[in-house]
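Novice: Next comes entry_30.cif, mmCIF, C-alpha atoms:
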data_structure
loop_
_atom_site.label_atom_id
_atom_site.label_comp_id
_atom_site.auth_asym_id
_atom_site.auth_seq_id
_atom_site.Cartn_x
_atom_site.Cartn_y
_atom_site.Cartn_z
CA MET A 1 80.21 80.43 96.12
CA ALA A 2 83.56 81.63 94.81
CA GLU A 3 84.26 85.34 94.36
CA PHE A 4 87.57 85.07 92.51
CA LEU A 5 88.08 84.37 88.80
CA TYR A 6 91.25 83.31 86.97
CA ILE A 7 91.44 83.36 83.16
CA HIS A 8 94.29 81.59 81.33
CA ILE A 9 95.51 82.89 77.96
CA PRO A 10 98.12 80.36 76.77
CA PHE A 11 99.78 82.29 73.94
CA CYS A 12 103.29 83.76 73.80
CA ILE A 13 105.59 85.29 71.23
CA ARG A 14 108.13 82.67 72.26
CA LYS A 15 108.38 80.22 75.15
CA CYS A 16 111.25 81.05 77.51
CA ASN A 17 113.67 78.27 78.43
CA TYR A 18 112.64 78.18 82.13
CA CYS A 19 108.86 78.23 81.58
CA ASP A 20 106.77 75.18 82.49
CA PHE A 21 103.41 76.96 82.25
CA LEU A 22 100.96 75.85 79.59
CA SER A 23 101.69 78.05 76.57
CA PHE A 24 101.73 77.91 72.79
CA PRO A 25 103.05 80.08 69.94
CA TYR A 26 100.59 82.81 69.03
CA ASP A 27 98.36 82.15 66.03
CA HIS A 28 95.67 84.66 65.10
CA ASP A 29 92.99 82.21 63.94
CA LEU A 30 93.60 79.86 66.86
CA ALA A 31 93.47 82.78 69.28
CA GLN A 32 90.01 83.72 68.01
CA ARG A 33 88.71 80.13 68.30
CA TYR A 34 90.19 79.94 71.79
CA THR A 35 88.56 83.23 72.77
CA ASN A 36 85.17 81.94 71.60
CA ALA A 37 85.62 78.78 73.70
CA LEU A 38 86.80 80.80 76.69
CA CYS A 39 83.68 82.95 76.55
CA ARG A 40 81.47 79.84 76.48
CA GLU A 41 83.23 78.54 79.59
CA LEU A 42 82.73 81.88 81.31
CA GLU A 43 79.01 81.59 80.61
CA LEU A 44 78.84 77.99 81.84
CA LYS A 45 80.67 78.71 85.09
CA LYS A 46 78.90 81.91 86.13
CA VAL A 47 76.63 79.85 88.40
CA PHE A 48 79.65 79.07 90.62
CA ALA A 49 80.76 82.69 91.05
CA PRO A 50 78.06 85.22 90.19
CA HIS A 51 79.74 87.99 92.21
CA LEU A 52 83.43 88.77 91.73
CA LYS A 53 85.97 90.51 93.96
CA THR A 54 88.91 89.86 91.63
CA VAL A 55 89.64 88.92 88.04
CA PHE A 56 93.17 87.76 87.19
CA ILE A 57 94.12 87.19 83.56
CA GLY A 58 97.37 85.26 83.26
CA GLY A 59 99.29 83.19 80.78
CA GLY A 60 101.17 83.06 78.56
CA THR A 61 101.06 86.66 77.59
CA PRO A 62 97.39 87.71 77.77
CA ALA A 63 98.00 91.18 76.35
CA ILE A 64 99.16 89.53 73.12
CA LEU A 65 95.50 88.95 72.22
CA PRO A 66 94.14 91.38 69.62
CA GLU A 67 91.82 94.17 70.71
CA THR A 68 88.70 92.41 69.42
CA CYS A 69 89.41 89.27 71.49
CA LEU A 70 90.10 91.23 74.67
CA GLU A 71 86.93 93.25 74.19
CA GLN A 72 84.97 90.03 73.63
CA VAL A 73 86.23 88.48 76.87
CA PHE A 74 85.50 91.55 78.98
CA SER A 75 82.09 91.99 77.38
CA VAL A 76 81.12 88.48 78.50
CA ILE A 77 82.49 89.06 82.01
CA ARG A 78 80.47 92.26 82.42
CA LYS A 79 77.35 90.62 81.01
CA GLN A 80 77.49 87.35 82.96
CA TYR A 81 78.99 88.41 86.30
CA ILE A 82 78.41 91.10 88.89
CA ILE A 83 81.79 92.74 89.51
CA SER A 84 82.39 94.61 92.75
CA PRO A 85 83.03 98.35 92.22
CA GLU A 86 86.29 97.87 94.17
CA ALA A 87 87.29 94.72 92.27
CA GLU A 88 90.96 94.10 91.57
CA VAL A 89 91.30 93.33 87.85
CA THR A 90 94.81 92.16 86.92
CA MET A 91 96.33 91.54 83.51
CA GLU A 92 99.76 89.93 83.06
CA THR A 93 101.87 91.25 80.23
CA ASN A 94 105.47 91.33 79.05
CA PRO A 95 107.75 94.10 77.84
CA GLY A 96 107.67 94.22 74.06
CA THR A 97 103.89 93.79 73.92
CA VAL A 98 103.12 97.08 75.69
CA THR A 99 102.13 100.09 73.62
CA ARG A 100 100.29 103.23 74.66
CA GLU A 101 97.32 102.03 72.60
CA LYS A 102 97.28 98.67 74.39
CA ALA A 103 97.62 100.36 77.78
CA ASP A 104 94.70 102.67 76.99
CA LEU A 105 92.65 99.65 75.87
CA LEU A 106 93.31 97.78 79.13
CA LEU A 107 92.21 100.78 81.17
CA SER A 108 89.06 101.20 79.08
CA LEU A 109 88.21 97.52 79.69
CA GLY A 110 88.46 97.92 83.46
CA VAL A 111 91.96 96.56 84.12
CA ASN A 112 93.32 98.38 87.17
CA ARG A 113 96.37 96.26 87.98
CA VAL A 114 99.12 95.14 85.58
CA SER A 115 101.81 92.56 86.30
CA LEU A 116 104.83 93.15 84.04
CA GLY A 117 107.26 90.26 83.51
CA VAL A 118 110.59 92.10 83.58
CA GLN A 119 112.65 89.30 85.24
CA SER A 120 115.94 91.23 84.98
CA PHE A 121 117.36 94.60 83.99
CA SER A 122 120.54 92.95 82.69
CA ASP A 123 120.51 92.33 78.94
CA THR A 124 122.96 89.47 79.41
CA GLU A 125 120.65 87.74 81.90
CA LEU A 126 117.61 88.35 79.68
CA LYS A 127 119.41 86.59 76.81
CA ILE A 128 120.23 83.64 79.07
CA LEU A 129 116.52 83.40 79.98
CA GLU A 130 115.62 83.70 76.26
CA ARG A 131 113.39 86.69 76.93
CA VAL A 132 112.32 88.59 73.82
CA HIS A 133 112.77 92.06 75.34
CA THR A 134 115.70 94.21 76.43
CA SER A 135 116.16 96.08 79.69
CA SER A 136 115.43 99.40 77.98
CA GLU A 137 112.18 97.98 76.58
CA ALA A 138 111.23 96.87 80.10
CA VAL A 139 111.77 100.39 81.43
CA ARG A 140 109.80 101.88 78.56
CA SER A 141 106.91 99.44 79.05
CA ALA A 142 106.64 100.31 82.74
CA GLU A 143 106.72 104.02 81.94
CA ILE A 144 103.99 103.63 79.30
CA LEU A 145 101.71 101.82 81.74
CA LEU A 146 102.20 104.39 84.48
CA MET A 147 101.77 107.36 82.13
CA ALA A 148 98.58 105.78 80.75
CA GLY A 149 97.11 105.80 84.25
CA ILE A 150 97.76 102.33 85.69
CA LYS A 151 97.97 103.03 89.43
CA ASN A 152 98.77 99.49 90.54
CA LEU A 153 101.84 98.17 88.71
CA SER A 154 103.63 94.98 89.71
CA LEU A 155 107.08 94.05 88.40
CA ASP A 156 108.32 90.45 88.30
CA LEU A 157 112.02 89.86 88.95
CA MET A 158 114.12 86.69 89.16
CA TYR A 159 117.23 85.78 91.10
CA GLY A 160 119.39 82.69 90.78
CA ILE A 161 119.89 83.21 87.03
CA PRO A 162 123.01 81.55 85.57
CA GLY A 163 125.78 84.15 85.48
CA GLN A 164 123.90 86.52 87.77
CA THR A 165 125.95 88.20 90.50
CA ILE A 166 125.07 89.98 93.70
CA GLY A 167 125.92 93.19 91.88
CA THR A 168 123.60 92.63 88.91
CA TRP A 169 120.78 91.47 91.22
CA LYS A 170 121.21 94.58 93.37
CA ASP A 171 121.10 96.71 90.22
CA SER A 172 117.87 95.04 89.04
CA LEU A 173 116.23 95.66 92.41
CA HIS A 174 117.19 99.33 92.46
CA ARG A 175 116.15 99.88 88.84
CA ALA A 176 112.78 98.29 89.60
CA ILE A 177 112.27 100.51 92.65
CA ASN A 178 113.19 103.60 90.62
CA LEU A 179 110.24 102.92 88.27
CA PHE A 180 107.91 103.49 91.26
CA PRO A 181 105.81 100.29 91.07
CA GLN A 182 103.35 99.47 93.83
CA HIS A 183 104.30 95.78 93.95
CA ILE A 184 107.40 93.69 93.24
CA SER A 185 107.61 89.91 93.00
CA ALA A 186 111.09 88.44 93.48
CA TYR A 187 111.18 84.78 92.49
CA GLU A 188 114.01 82.29 92.71
CA LEU A 189 114.66 80.75 89.29
CA THR A 190 114.08 77.02 89.70
CA PRO A 191 114.86 74.64 86.81
CA GLU A 192 111.66 72.66 86.22
CA LYS A 193 111.50 69.16 84.78
CA GLY A 194 111.16 69.11 81.01
CA THR A 195 112.25 72.69 80.39
CA ARG A 196 115.15 73.72 78.16
CA LEU A 197 116.79 75.41 81.14
CA THR A 198 117.00 72.09 82.98
CA LYS A 199 118.54 70.42 79.91
CA LEU A 200 121.09 73.22 79.58
CA ARG A 201 121.95 72.85 83.27
CA ASP A 202 122.20 69.07 83.12
CA THR A 203 124.48 69.19 80.07
CA GLY A 204 126.73 71.78 81.69
CA VAL A 205 125.95 74.55 79.20
CA LEU A 206 124.60 76.73 82.01
CA VAL A 207 125.72 76.72 85.64
CA MET A 208 123.23 77.73 88.32
CA PRO A 209 124.40 79.87 91.28
CA ASP A 210 125.18 77.82 94.38
CA GLU A 211 122.89 77.65 97.42
CA GLU A 212 124.90 80.16 99.43
CA GLU A 213 124.68 82.71 96.61
CA ILE A 214 120.92 82.12 96.30
CA LEU A 215 120.44 82.80 100.01
CA ARG A 216 122.48 86.00 99.76
CA MET A 217 120.30 87.19 96.85
CA SER A 218 117.10 86.40 98.73
CA SER A 219 118.36 88.24 101.82
CA LEU A 220 119.44 91.20 99.72
CA ALA A 221 115.98 91.51 98.17
CA LEU A 222 114.40 91.51 101.64
CA ASP A 223 116.71 94.25 102.90
CA ILE A 224 116.54 96.52 99.85
CA LEU A 225 112.80 96.25 99.28
CA GLN A 226 111.87 96.73 102.92
CA GLU A 227 114.17 99.75 103.11
CA ALA A 228 112.29 101.15 100.09
CA GLY A 229 108.99 100.84 101.98
CA PHE A 230 107.72 97.52 100.61
CA GLU A 231 106.01 95.04 102.95
CA HIS A 232 107.27 91.48 102.66
CA TYR A 233 103.86 89.82 102.84
CA GLU A 234 104.58 86.50 101.10
CA ILE A 235 107.79 84.56 100.51
CA SER A 236 108.28 86.00 97.01
CA ASN A 237 106.07 89.09 97.12
CA TYR A 238 106.50 92.66 98.31
CA ALA A 239 103.94 95.48 98.24
CA LEU A 240 103.63 99.09 99.26
CA PRO A 241 101.01 99.47 102.03
CA GLY A 242 97.55 98.85 100.59
CA TYR A 243 98.78 97.13 97.41
CA ARG A 244 98.96 93.44 98.30
CA CYS A 245 97.61 91.21 95.53
CA ILE A 246 94.10 90.37 96.72
CA HIS A 247 93.65 87.60 94.15
CA ASN A 248 96.79 85.71 95.15
CA MET A 249 96.10 86.18 98.86
CA ASN A 250 92.90 84.22 98.33
CA TYR A 251 94.98 81.32 96.97
CA TRP A 252 97.28 81.40 100.01
CA ASP A 253 94.28 81.57 102.34
CA ARG A 254 92.89 78.43 100.64
CA GLY A 255 89.87 80.37 99.42
CA GLU A 256 87.58 79.16 96.65
CA TYR A 257 87.98 80.37 93.06
CA ILE A 258 86.93 79.43 89.56
CA ALA A 259 89.27 79.29 86.59
CA VAL A 260 88.64 79.22 82.86
CA GLY A 261 90.99 78.39 80.02
CA ALA A 262 93.13 75.46 78.94
CA GLY A 263 94.96 73.84 81.86
CA ALA A 264 93.33 76.19 84.39
CA HIS A 265 92.73 74.94 87.95
CA SER A 266 89.62 75.66 90.06
CA PHE A 267 88.91 75.12 93.76
CA LEU A 268 85.29 74.77 94.84
CA ASP A 269 83.56 73.03 97.75
CA GLY A 270 86.75 71.26 98.86
CA CYS A 271 87.53 69.94 95.35
CA ARG A 272 90.40 70.88 93.08
CA ALA A 273 89.72 70.50 89.35
CA ARG A 274 91.81 70.98 86.20
CA ASN A 275 90.82 71.78 82.64
CA ALA A 276 92.13 69.96 79.58
CA ASN A 277 95.62 71.02 78.48
CA SER A 278 95.07 70.25 74.82
CA LEU A 279 93.73 73.24 72.91
CA SER A 280 91.82 70.99 70.52
CA ASP A 281 90.21 69.10 73.42
CA TYR A 282 89.46 72.33 75.28
CA ILE A 283 87.89 74.05 72.29
CA GLY A 284 86.09 70.89 71.13
CA LYS A 285 84.35 70.31 74.46
CA LEU A 286 83.20 73.90 74.69
CA ASP A 287 81.96 73.84 71.09
CA ASN A 288 79.56 71.24 72.51
CA LEU A 289 78.90 73.31 75.67
CA ILE A 290 80.73 70.83 77.91
CA ILE A 291 82.87 72.16 80.78
CA PRO A 292 86.35 70.83 79.84
CA GLU A 293 87.46 69.55 83.25
CA ILE A 294 89.53 66.36 83.06
CA ASP A 295 90.58 65.96 86.71
CA SER A 296 88.63 66.59 89.90
CA ALA A 297 89.55 65.44 93.39
CA ARG A 298 88.18 66.17 96.84
CA LEU A 299 90.89 66.99 99.36
CA SER A 300 91.41 64.42 102.07
CA PRO A 301 91.85 65.55 105.70
CA ALA A 302 95.61 65.02 105.33
CA ASP A 303 95.63 67.07 102.09
CA ARG A 304 93.85 69.92 103.85
CA VAL A 305 96.40 69.92 106.68
CA ARG A 306 99.35 69.89 104.25
CA GLU A 307 97.91 72.80 102.29
CA PHE A 308 97.11 74.68 105.49
CA ILE A 309 100.74 74.41 106.63
CA MET A 310 102.44 75.01 103.27
CA LEU A 311 100.27 77.93 102.17
CA GLY A 312 100.18 79.41 105.66
CA PHE A 313 103.96 79.53 105.87
CA ARG A 314 104.14 81.24 102.47
CA GLN A 315 102.57 84.29 104.10
CA ARG A 316 104.76 86.39 106.38
CA GLU A 317 101.99 86.65 108.98
CA GLY A 318 102.10 82.87 109.14
CA ILE A 319 99.64 80.20 110.20
CA PRO A 320 96.60 81.36 112.23
CA LEU A 321 96.51 79.23 115.35
CA ASN A 322 92.73 79.64 115.72
CA ASP A 323 92.27 77.98 112.33
CA ALA A 324 94.69 75.24 113.38
CA ASP A 325 92.47 74.53 116.38
CA ASP A 326 89.50 74.18 114.02
CA LEU A 327 91.47 71.42 112.21
CA ASN A 328 92.27 69.78 115.57
CA LEU A 329 95.98 70.50 115.13
CA ASP A 330 98.21 71.15 118.13
CA ILE A 331 100.53 73.39 116.14
CA THR A 332 102.16 75.02 119.17
CA THR A 333 103.37 71.71 120.59
CA ALA A 334 104.46 70.41 117.17
CA ALA A 335 106.46 73.59 116.54
CA GLN A 336 108.07 73.82 119.99
CA GLN A 337 111.54 72.69 118.88
CA LEU A 338 111.34 74.87 115.76
CA ILE A 339 110.55 77.82 118.02
CA GLU A 340 113.46 76.98 120.35
CA ASP A 341 115.77 76.69 117.32
CA GLU A 342 114.53 80.13 116.19
CA PHE A 343 113.16 78.90 112.87
CA THR A 344 109.61 79.91 113.81
CA GLU A 345 107.96 82.31 116.25
CA ILE A 346 104.45 83.11 117.47
CA ILE A 347 103.32 86.67 116.78
CA ASN A 348 99.70 87.84 117.13
CA ASN A 349 98.49 84.25 117.66
CA ARG A 350 100.11 83.13 114.40
CA LEU A 351 103.04 80.79 113.89
CA ARG A 352 105.36 82.29 111.31
CA LEU A 353 108.81 81.76 109.88
CA THR A 354 111.61 83.87 111.31
CA ARG A 355 114.18 85.35 108.97
CA LYS A 356 116.36 82.34 109.77
CA GLY A 357 113.43 80.05 108.96
CA LEU A 358 112.73 81.79 105.65
CA ALA A 359 116.10 80.62 104.36
CA VAL A 360 115.15 76.96 104.94
CA ALA A 361 111.37 77.20 104.59
CA ASN A 362 110.90 73.82 102.89
CA THR A 363 112.85 72.03 105.63
CA VAL A 364 110.80 73.77 108.35
CA ILE A 365 107.55 72.74 106.64
CA ILE A 366 108.68 69.11 106.39
CA ARG A 367 109.70 69.02 110.08
CA LEU A 368 106.40 70.51 111.21
CA LEU A 369 104.37 68.06 109.09
CA GLN A 370 106.41 65.18 110.50
CA ASN A 371 105.77 66.37 114.05
CA LEU A 372 102.06 66.54 113.25
CA GLU A 373 102.34 63.01 111.79
CA VAL A 374 100.81 64.10 108.48
#
Reformat the file's structure so that it appears as structure tokens.
Specialist:
Amino acid sequence: MAEFLYIHIPFCIRKCNYCDFLSFPYDHDLAQRYTNALCRELELKKVFAPHLKTVFIGGGTPAILPETCLEQVFSVIRKQYIISPEAEVTMETNPGTVTREKADLLLSLGVNRVSLGVQSFSDTELKILERVHTSSEAVRSAEILLMAGIKNLSLDLMYGIPGQTIGTWKDSLHRAINLFPQHISAYELTPEKGTRLTKLRDTGVLVMPDEEEILRMSSLALDILQEAGFEHYEISNYALPGYRCIHNMNYWDRGEYIAVGAGAHSFLDGCRARNANSLSDYIGKLDNLIIPEIDSARLSPADRVREFIMLGFRQREGIPLNDADDLNLDITTAAQQLIEDEFTEIINNRLRLTRKGLAVANTVIIRLLQNLEV
């Protein structure tokens, strides 16, 4: 049985040029129909996860939903599931959608962790990313959430933005730290296929920072955030002690979870499944009480090994060698040259990336998989 629940709310004020997540412009009537369908799916899937340790509501911009829809969703969760008293309940939101009234509502519903999509504290960089908020609005949103009583605030930042410099990235990091969040995610901006950002790059309208600059920005984040007391516990994630994201750690540990909402992915009993992307298909199936999964595949032994390596290396503690033995993998022998080249090291019976290895993580993963003949 899974103990982790993800809920996808695919509505935004406007889709940013780099975003390849499933999202649609907000429409009030459609949002209500979607909420009704979402609640039906929650009821249908309760058998797979009757007890919950985490609830993560992502998007899109989930907090864009009106109060009645949010109350409806949480009412169904409380009625259909048994939620641990210590459960981590996360809501993603964006600056510009945060008000004191909305913050008070989230707290009253049981949300105890908020992930705020700041991305940058440079107004120039925010315009390049086509964000709808300003840096001052980001600061105000964080302050509202903290003053309302949110005691677990995560800020999302991006590096590798066209026009970004070491100086502006350093400024964003320090301004984030000065808001006293408990968690900071620092992601490299990667142009994804089909996004407007990729088109702007390919046509020369925007120029991405070069690889050397990207590595400098990544290294700077590591130094500044660790100096400020944050643990680097996953390639892109930093937390004060005791504030790691429990929900995401389950993903990286290859734990089971259920997911509801259009395009949402679940992992149960060795199978990965995906819901319909189309809102009309998603809502239509649930109007007829049909779980809207369109893809389902059981992982092959090779798939399991690849996930074990890739997700294990995402975590700073690395790959547990005891678990590797359970998969009949001789990781130590396969990684011997990587260890000698100082790309990996064994600490506490785990194989992990060194700082040198972090800079070329994808290459290290490929070499290890090749050595394992996967």
Novice: Quote the spacing between atom CA of A:Ser278 and atom CA of A:Thr93 in Å to one decimal place.
Specialist: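 Separating atom CA of A:Ser278 from atom CA of A:Thr93 is a distance of 22.7 Å.
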Novice: List the spatial neighbours of A:Val132 as a list in words - criterion: any atom at most 8 Å away, all atoms listed in the file, same-chain residues fewer than 4 positions off excluded.
Specialist: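 Once the adjacent positions are removed, what remains is Ile13, Arg14, Gly96, Leu126 and Lys127 of chain A.
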Novice: Go through A:His28, A:Arg33, A:Lys193, A:Arg304 and flag the residue nearest A:Gly270, using all atoms listed in the file for the distances.
Specialist: A:Arg304
Novice: Distance atom CA of A:Gln32-atom CA of A:Ile83, one decimal place?
Specialist: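 Going from atom CA of A:Gln32 over to atom CA of A:Ile83, I get 24.7 Å.
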Novice: I need the output of the PyMOL selection byres ((chain A and resi 320) around 10) for this file as a count of residues only; which residues are they?
Specialist: 20
Novice: Name the closest residue to A:Ala186 among the candidates A:Asp156, A:Glu373, A:Glu307, A:Glu212; distances are taken between atoms, counting all atoms listed in the file.
Specialist: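 So, comparing all the options, the nearest one is A:Asp156.
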Novice: Please, what distance in Å, to one decimal, runs between atom CA of A:Leu299 and atom CA of A:Arg254?
Specialist: 11.7 Å
Novice: With the file shown as input, list the residues that the PyMOL selection byres ((chain A and resi 370) around 12) selects, as a list in words.
Specialist: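 That expression, the PyMOL selection byres ((chain A and resi 370) around 12), corresponds here to Ala302, Val305, Arg306, Ile309, Ile331, Ala334, Ala335, Thr363, Val364, Ile365, Ile366, Arg367, Leu368, Leu369, Asn371, Leu372, Glu373 and Val374 of chain A.
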Novice: Let's have the selection written as a short mmCIF file (atom, residue, chain, number, x, y, z; two decimals), in the coordinates of the input, with C-alpha atoms.
Specialist:
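The new file result01.cif reads:
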data_model
loop_
_atom_site.label_atom_id
_atom_site.label_comp_id
_atom_site.auth_asym_id
_atom_site.auth_seq_id
_atom_site.Cartn_x
_atom_site.Cartn_y
_atom_site.Cartn_z
CA ALA A 302 95.61 65.02 105.33
CA VAL A 305 96.40 69.92 106.68
CA ARG A 306 99.35 69.89 104.25
CA ILE A 309 100.74 74.41 106.63
CA ILE A 331 100.53 73.39 116.14
CA ALA A 334 104.46 70.41 117.17
CA ALA A 335 106.46 73.59 116.54
CA THR A 363 112.85 72.03 105.63
CA VAL A 364 110.80 73.77 108.35
CA ILE A 365 107.55 72.74 106.64
CA ILE A 366 108.68 69.11 106.39
CA ARG A 367 109.70 69.02 110.08
CA LEU A 368 106.40 70.51 111.21
CA LEU A 369 104.37 68.06 109.09
CA ASN A 371 105.77 66.37 114.05
CA LEU A 372 102.06 66.54 113.25
CA GLU A 373 102.34 63.01 111.79
CA VAL A 374 100.81 64.10 108.48
#
Novice: Any chance you could resolve the PyMOL selection byres ((chain A and resi 274) around 8) against this file and give the residues as a list of chain:residue names?
Specialist: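 With the PyMOL selection byres ((chain A and resi 274) around 8) on this model, the match is A:Gly263, A:Ala264, A:His265, A:Ser266, A:Arg272, A:Ala273, A:Asn275, A:Ala276, A:Glu293, A:Ile294, A:Asp295, A:Ser296.
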Novice: Within 6 Å of (98.9, 84.6, 79.7), in the coordinates the file gives, what residues turn up when you count only C-alpha atoms, written out as a list in words?
Specialist: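 Applying the cut-off with only C-alpha atoms, one gets His8, Ile9, Pro10, Gly58, Gly59, Gly60, Thr61 and Pro62 of chain A.
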Novice: Near A:Tyr6, within 12 Å and counting only C-alpha atoms, which residues show up once chain neighbours fewer than 3 positions away are dropped, as a compact mmCIF listing (two decimals) with C-alpha atoms, keeping the file's coordinate frame?
Specialist:
# COMPACT_ATOMS: atom_id res chain seq x y z
CA ALA A 2 83.56 81.63 94.81
CA GLU A 3 84.26 85.34 94.36
CA ILE A 9 95.51 82.89 77.96
CA LEU A 38 86.80 80.80 76.69
CA GLU A 41 83.23 78.54 79.59
CA LEU A 42 82.73 81.88 81.31
CA LYS A 45 80.67 78.71 85.09
CA ALA A 49 80.76 82.69 91.05
CA LEU A 52 83.43 88.77 91.73
CA LYS A 53 85.97 90.51 93.96
CA THR A 54 88.91 89.86 91.63
CA VAL A 55 89.64 88.92 88.04
CA PHE A 56 93.17 87.76 87.19
CA ILE A 57 94.12 87.19 83.56
CA GLY A 58 97.37 85.26 83.26
CA GLY A 59 99.29 83.19 80.78
CA PRO A 62 97.39 87.71 77.77
CA ILE A 77 82.49 89.06 82.01
CA GLU A 88 90.96 94.10 91.57
CA VAL A 89 91.30 93.33 87.85
CA THR A 90 94.81 92.16 86.92
CA MET A 91 96.33 91.54 83.51
CA GLU A 92 99.76 89.93 83.06
CA HIS A 247 93.65 87.60 94.15
CA ASN A 248 96.79 85.71 95.15
CA ASN A 250 92.90 84.22 98.33
CA TYR A 251 94.98 81.32 96.97
CA GLU A 256 87.58 79.16 96.65
CA TYR A 257 87.98 80.37 93.06
CA ILE A 258 86.93 79.43 89.56
CA ALA A 259 89.27 79.29 86.59
CA VAL A 260 88.64 79.22 82.86
CA GLY A 261 90.99 78.39 80.02
CA ALA A 262 93.13 75.46 78.94
CA GLY A 263 94.96 73.84 81.86
CA ALA A 264 93.33 76.19 84.39
CA HIS A 265 92.73 74.94 87.95
CA SER A 266 89.62 75.66 90.06
CA PHE A 267 88.91 75.12 93.76
Novice: Pick out the residues sitting within 10 Å of A:Ser219, and hand them over as a ChimeraX atom specification; count only C-alpha atoms, and ignore anything fewer than 6 positions along from it in its own chain.
Specialist: /A:213,355,358-359
Novice: Give as a VMD selection string every residue, naming chains and numbers as the document does, that has an atom within 12 Å of (95.9, 91.1, 99.5), counting all atoms listed in the file.
Specialist: chain A and resid 53 to 54 87 to 88 183 231 to 234 237 to 253 315
Novice: Any idea what's packed within 12 Å of A:Leu107, counting only C-alpha atoms, ignoring anything in its chain fewer than 2 positions away? Could you give it as a PDB file with C-alpha atoms, in the coordinates of the input?
Specialist:
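Output (around-v2.pdb):
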ATOM      1  CA  LEU A  70      90.100  91.230  74.670  1.00  0.00           C
ATOM      2  CA  GLU A  71      86.930  93.250  74.190  1.00  0.00           C
ATOM      3  CA  PHE A  74      85.500  91.550  78.980  1.00  0.00           C
ATOM      4  CA  VAL A  89      91.300  93.330  87.850  1.00  0.00           C
ATOM      5  CA  THR A  90      94.810  92.160  86.920  1.00  0.00           C
ATOM      6  CA  MET A  91      96.330  91.540  83.510  1.00  0.00           C
ATOM      7  CA  ARG A 100     100.290 103.230  74.660  1.00  0.00           C
ATOM      8  CA  GLU A 101      97.320 102.030  72.600  1.00  0.00           C
ATOM      9  CA  LYS A 102      97.280  98.670  74.390  1.00  0.00           C
ATOM     10  CA  ALA A 103      97.620 100.360  77.780  1.00  0.00           C
ATOM     11  CA  ASP A 104      94.700 102.670  76.990  1.00  0.00           C
ATOM     12  CA  LEU A 105      92.650  99.650  75.870  1.00  0.00           C
ATOM     13  CA  LEU A 109      88.210  97.520  79.690  1.00  0.00           C
ATOM     14  CA  GLY A 110      88.460  97.920  83.460  1.00  0.00           C
ATOM     15  CA  VAL A 111      91.960  96.560  84.120  1.00  0.00           C
ATOM     16  CA  ASN A 112      93.320  98.380  87.170  1.00  0.00           C
ATOM     17  CA  ARG A 113      96.370  96.260  87.980  1.00  0.00           C
ATOM     18  CA  VAL A 114      99.120  95.140  85.580  1.00  0.00           C
ATOM     19  CA  LEU A 145     101.710 101.820  81.740  1.00  0.00           C
ATOM     20  CA  LEU A 146     102.200 104.390  84.480  1.00  0.00           C
ATOM     21  CA  MET A 147     101.770 107.360  82.130  1.00  0.00           C
ATOM     22  CA  ALA A 148      98.580 105.780  80.750  1.00  0.00           C
ATOM     23  CA  GLY A 149      97.110 105.800  84.250  1.00  0.00           C
ATOM     24  CA  ILE A 150      97.760 102.330  85.690  1.00  0.00           C
ATOM     25  CA  LYS A 151      97.970 103.030  89.430  1.00  0.00           C
ATOM     26  CA  ASN A 152      98.770  99.490  90.540  1.00  0.00           C
TER      27      ASN A 152
END
Novice: Considering all atoms listed in the file, can you say which of A:Phe4, A:Phe230, A:Phe11, A:Phe48 comes closest to A:Gly255?
Specialist: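 Checking each candidate against A:Gly255, we get A:Phe4 as the closest.
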Novice: Please rebuild stretch 297-306 of chain A with N, CA and C atoms and give the result as a JSON list (two decimals), in the frame of the given file.
Specialist:
[["chain", "number", "residue", "atom", "x", "y", "z"],
["A", 297, "ALA", "N", 89.29, 66.26, 92.19],
["A", 297, "ALA", "CA", 89.55, 65.44, 93.39],
["A", 297, "ALA", "C", 89.20, 66.22, 94.64],
["A", 298, "ARG", "N", 88.50, 65.56, 95.56],
["A", 298, "ARG", "CA", 88.18, 66.17, 96.84],
["A", 298, "ARG", "C", 89.37, 65.99, 97.78],
["A", 299, "LEU", "N", 89.75, 67.06, 98.46],
["A", 299, "LEU", "CA", 90.89, 66.99, 99.36],
["A", 299, "LEU", "C", 90.58, 66.10, 100.55],
["A", 300, "SER", "N", 91.54, 65.24, 100.87],
["A", 300, "SER", "CA", 91.41, 64.42, 102.07],
["A", 300, "SER", "C", 91.77, 65.27, 103.29],
["A", 301, "PRO", "N", 91.44, 64.79, 104.50],
["A", 301, "PRO", "CA", 91.85, 65.55, 105.70],
["A", 301, "PRO", "C", 93.35, 65.82, 105.74],
["A", 302, "ALA", "N", 94.16, 64.82, 105.34],
["A", 302, "ALA", "CA", 95.61, 65.02, 105.33],
["A", 302, "ALA", "C", 96.01, 66.07, 104.29],
["A", 303, "ASP", "N", 95.35, 66.06, 103.12],
["A", 303, "ASP", "CA", 95.63, 67.07, 102.09],
["A", 303, "ASP", "C", 95.34, 68.47, 102.63],
["A", 304, "ARG", "N", 94.23, 68.61, 103.33],
["A", 304, "ARG", "CA", 93.85, 69.92, 103.85],
["A", 304, "ARG", "C", 94.89, 70.43, 104.86],
["A", 305, "VAL", "N", 95.39, 69.53, 105.70],
["A", 305, "VAL", "CA", 96.40, 69.92, 106.68],
["A", 305, "VAL", "C", 97.69, 70.34, 105.97],
["A", 306, "ARG", "N", 98.12, 69.55, 104.98],
["A", 306, "ARG", "CA", 99.35, 69.89, 104.25],
["A", 306, "ARG", "C", 99.23, 71.25, 103.58]]
